[in-house]
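Just below is one structure, and these are the notes that go with it.
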Amino acid sequence: MMRISEKHIKALRRAESVDQVKSALASAIQLELATIPVYLTGLFSLKQNANREAGALVQSVVVEEMLHMTLVCNTLIAIGGRPEITAAGQGLYYPGPLPLNINDGLQVSLKALTPEQTESVFMAIEKPDYDGVLPGEDVEAAPASVPGEYASIGDFYKAIGEALARLVESGEPVFDEPKLEEQVDVSRWFPPITRLVRSEKYDGKVSDLASAEAALGVIVVQGEGAQEGEGFTPIDSTDGAYAHYFKFGEIFYGKRLIENPSAPSGWSYAGEQVPLNEDMVFDLLPNAALSDYQSGSAAFYAAQQFYGCYLRLLETLDTVFHGKPDKLNDALGLMYEMKLVAQQVTRNPAGAAHPNRIAAPPFMLTHVQPKIGQGVN
């Protein structure tokens with residue numbers, strides 16, 4: 001569960017203008033975007049044709065994080081905002097806390113897919129806001145948050161919805177010009193979302209309060225799972241698959257999650273094997289920046305190509321959300337290109353300064369926290 005400072009929730013509860021909600025949604029866009037390099041680094045660390053089941057689980061989460069960012073962008077556009085993806089992406093820095101996340105010490109790093117990274121970072125990011133027993137736990141966990149200090153990302157999205165509802169009720173023209181033609185039809189690009197919204201074709205566009213609440217609800221449920229009465233289910237009710245935390249749990253525990261009435265949570269990781277052969281995972285240079293590689297080396301040229309492709313992806317996403325939604329096809333093409341270039345990067349050692357490490361695709365230019373708008377030479 002992404003824990004954020006309670007101050008962000010309080011600010012939304014006091015919000016008296018649409019601009020304050022726009023600012024919160026802009027932060028949410030960067031938050032959703034920030035998880036993608038984390039998960040992609042894990043995915044790119046898998047050697048070709050190895051660990052396919054684990055890779056498929058990570059890939060499915062990456063796709064849903066892209067969907068979540070898209071739904072937040074649609075919501076921001078609907079209330080008159082303008083998503084700025086390049087600025088958000090270039091403002092990210094690893095290792096460090098996620099945007100809005102001044103948590104209880106979680107430092108998010110870009111590392112290879114290992115059981116330790118899966119548990120300490122992937123599962124820590126996605127842990128549900130639930131105080132009961134989760135699969136894999138024998139006893140009740142510590143409280144999910146410290147009252148008065150931290151709130152979950154689910155609480156944050158709920159507060160956004162409540163702020164929008166309050167503004168609509170007060171007569172503010174929140175959704176008077178939703179610019180539907182500029183929003184992305186998610187049914188064209190992402191797996192169908194039918195169960196939660198009870199629609200044969202959910203397009204993810206936001207035109208009023210109800211559709212905004214639906215979009216934000218999809219994000220929370222796919223990430224955390226769904227509360228059901230007094231219990232909890234790991235099932236993502238948008239499509240019947242597991243929520244992110246439990247997909248990563250299958251990698252960490254090495255087995256599929258199945259119902260188990262004798263387990264404290266009613267579920268246990270006791271199904272078919274989900275193997276993660278660490279011999280078939282590259283020992284990537286953690287938190288790689290382009291500046292880590294010696295200029296003129298094969299690793300540098302491959303890494304430079306990757307970072308340039310990443311910047312083009314961010315710029316293309318800006319184009320998508322600045323009025324040309326059909327350009328999302330180009331963005332998805334760039335994501336495929338990034339995968340191919342990442343394979344070129346990982347064919348190289350990281351260099352003499354990093355013995356026994358494999359070069360990792362860089363999502364940062366340098367280890368100096370970047371200024372917004374800083375580009376690649």
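Following the order of the structure tokens, first chain is A, next is B, and so on, with residues numbered from 1 inside each chain and ligands from 1 in the order they appear.
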So that I can check the secondary structure, give me every residue of region 155-233 of chain A assigned strand (DSSP E or B) by backbone DSSP, as a PDB file with C-alpha atoms, in the first residue's frame.
```pdb
ATOM      1  CA  ALA A 226     -11.866  -5.280  -2.922  1.00  0.00           C
ATOM      2  CA  GLN A 227     -13.440  -5.125   0.494  1.00  0.00           C
ATOM      3  CA  GLU A 228     -16.396  -7.464   0.793  1.00  0.00           C
ATOM      4  CA  GLY A 231     -13.686  -9.645   4.881  1.00  0.00           C
ATOM      5  CA  PHE A 232     -11.284  -9.098   2.055  1.00  0.00           C
ATOM      6  CA  THR A 233     -10.835 -10.699  -1.316  1.00  0.00           C
TER       7      THR A 233
END
```
With a distance cut-off of 10 Å and only C-alpha atoms, select the neighbouring residues of Val63 (chain A), excluding the residue or stretch itself and same-chain residues fewer than 3 positions from it, and output the selection as an mmCIF file with N, CA and C atoms, in the first residue's frame.
```cif
data_model
loop_
_atom_site.group_PDB
_atom_site.id
_atom_site.type_symbol
_atom_site.label_atom_id
_atom_site.label_comp_id
_atom_site.auth_asym_id
_atom_site.auth_seq_id
_atom_site.Cartn_x
_atom_site.Cartn_y
_atom_site.Cartn_z
ATOM 1 N N ILE A 36 6.219 2.534 -12.838
ATOM 2 C CA ILE A 36 6.497 1.824 -14.093
ATOM 3 C C ILE A 36 7.979 1.509 -14.262
ATOM 4 N N VAL A 58 4.417 -9.679 -13.864
ATOM 5 C CA VAL A 58 4.919 -8.300 -13.798
ATOM 6 C C VAL A 58 4.402 -7.488 -14.980
ATOM 7 N N GLN A 59 4.417 -8.085 -16.167
ATOM 8 C CA GLN A 59 3.935 -7.394 -17.365
ATOM 9 C C GLN A 59 2.471 -6.974 -17.195
ATOM 10 N N SER A 60 1.655 -7.829 -16.607
ATOM 11 C CA SER A 60 0.241 -7.503 -16.439
ATOM 12 C C SER A 60 0.062 -6.305 -15.512
ATOM 13 N N MET A 66 -0.176 1.580 -16.513
ATOM 14 C CA MET A 66 -0.397 2.483 -17.649
ATOM 15 C C MET A 66 -1.870 2.858 -17.744
ATOM 16 N N LEU A 67 -2.745 1.880 -17.534
ATOM 17 C CA LEU A 67 -4.181 2.150 -17.538
ATOM 18 C C LEU A 67 -4.541 3.142 -16.435
ATOM 19 N N HIS A 68 -4.003 2.946 -15.247
ATOM 20 C CA HIS A 68 -4.319 3.839 -14.134
ATOM 21 C C HIS A 68 -3.887 5.269 -14.437
ATOM 22 N N TRP A 189 -7.312 0.062 -26.086
ATOM 23 C CA TRP A 189 -5.896 -0.194 -25.869
ATOM 24 C C TRP A 189 -5.594 -1.131 -24.714
ATOM 25 N N PHE A 190 -6.551 -1.323 -23.827
ATOM 26 C CA PHE A 190 -6.288 -2.091 -22.614
ATOM 27 C C PHE A 190 -7.261 -3.257 -22.495
ATOM 28 N N PRO A 191 -6.922 -4.265 -21.673
ATOM 29 C CA PRO A 191 -7.859 -5.376 -21.455
ATOM 30 C C PRO A 191 -9.202 -4.852 -20.967
#
```
Compile the contact shell of Asp236 (chain A) as a PDB file with N, CA and C atoms, in the first residue's frame: residues with an atom at most 6 Å away, counting only C-alpha atoms, same-chain residues fewer than 4 positions apart removed.
```
ATOM      1  N   VAL A 221      -9.225  -0.617  -6.923  1.00  0.00           N
ATOM      2  CA  VAL A 221      -9.549  -2.043  -6.873  1.00  0.00           C
ATOM      3  C   VAL A 221      -8.478  -2.884  -7.566  1.00  0.00           C
ATOM      4  N   GLN A 222      -7.964  -2.421  -8.709  1.00  0.00           N
ATOM      5  CA  GLN A 222      -6.941  -3.213  -9.392  1.00  0.00           C
ATOM      6  C   GLN A 222      -5.659  -3.271  -8.579  1.00  0.00           C
ATOM      7  N   GLY A 225      -7.317  -4.812  -4.440  1.00  0.00           N
ATOM      8  CA  GLY A 225      -8.348  -5.810  -4.209  1.00  0.00           C
ATOM      9  C   GLY A 225      -9.596  -5.121  -3.693  1.00  0.00           C
ATOM     10  N   GLY A 240     -11.719 -10.018 -12.594  1.00  0.00           N
ATOM     11  CA  GLY A 240     -11.668 -11.333 -11.982  1.00  0.00           C
ATOM     12  C   GLY A 240     -10.272 -11.856 -11.723  1.00  0.00           C
ATOM     13  N   ALA A 241      -9.233 -11.089 -12.090  1.00  0.00           N
ATOM     14  CA  ALA A 241      -7.856 -11.490 -11.800  1.00  0.00           C
ATOM     15  C   ALA A 241      -7.493 -11.035 -10.386  1.00  0.00           C
ATOM     16  N   TYR A 242      -6.288 -11.350  -9.950  1.00  0.00           N
ATOM     17  CA  TYR A 242      -5.850 -10.895  -8.646  1.00  0.00           C
ATOM     18  C   TYR A 242      -5.347  -9.459  -8.721  1.00  0.00           C
ATOM     19  N   ALA A 243      -5.491  -8.733  -7.615  1.00  0.00           N
ATOM     20  CA  ALA A 243      -4.930  -7.396  -7.505  1.00  0.00           C
ATOM     21  C   ALA A 243      -3.405  -7.494  -7.459  1.00  0.00           C
TER      22      ALA A 243
END
```
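Remark: for Gly55 (chain A), the closest of the candidate residues A:Glu119, A:Glu250, A:Glu315, A:Asp19 is A:Glu250 (distances computed over only C-alpha atoms).
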For region 204-218 of chain A, work out the shell of residues within 9 Å, counting only C-alpha atoms and skipping chain neighbours fewer than 4 positions away, then give it as an NGL selection string. :A and (68 or 70-72 or 74-79 or 154 or 157-158 or 160-162 or 164-165 or 168 or 174-180 or 183-187 or 193 or 196-197 or 222-223 or 236-238)
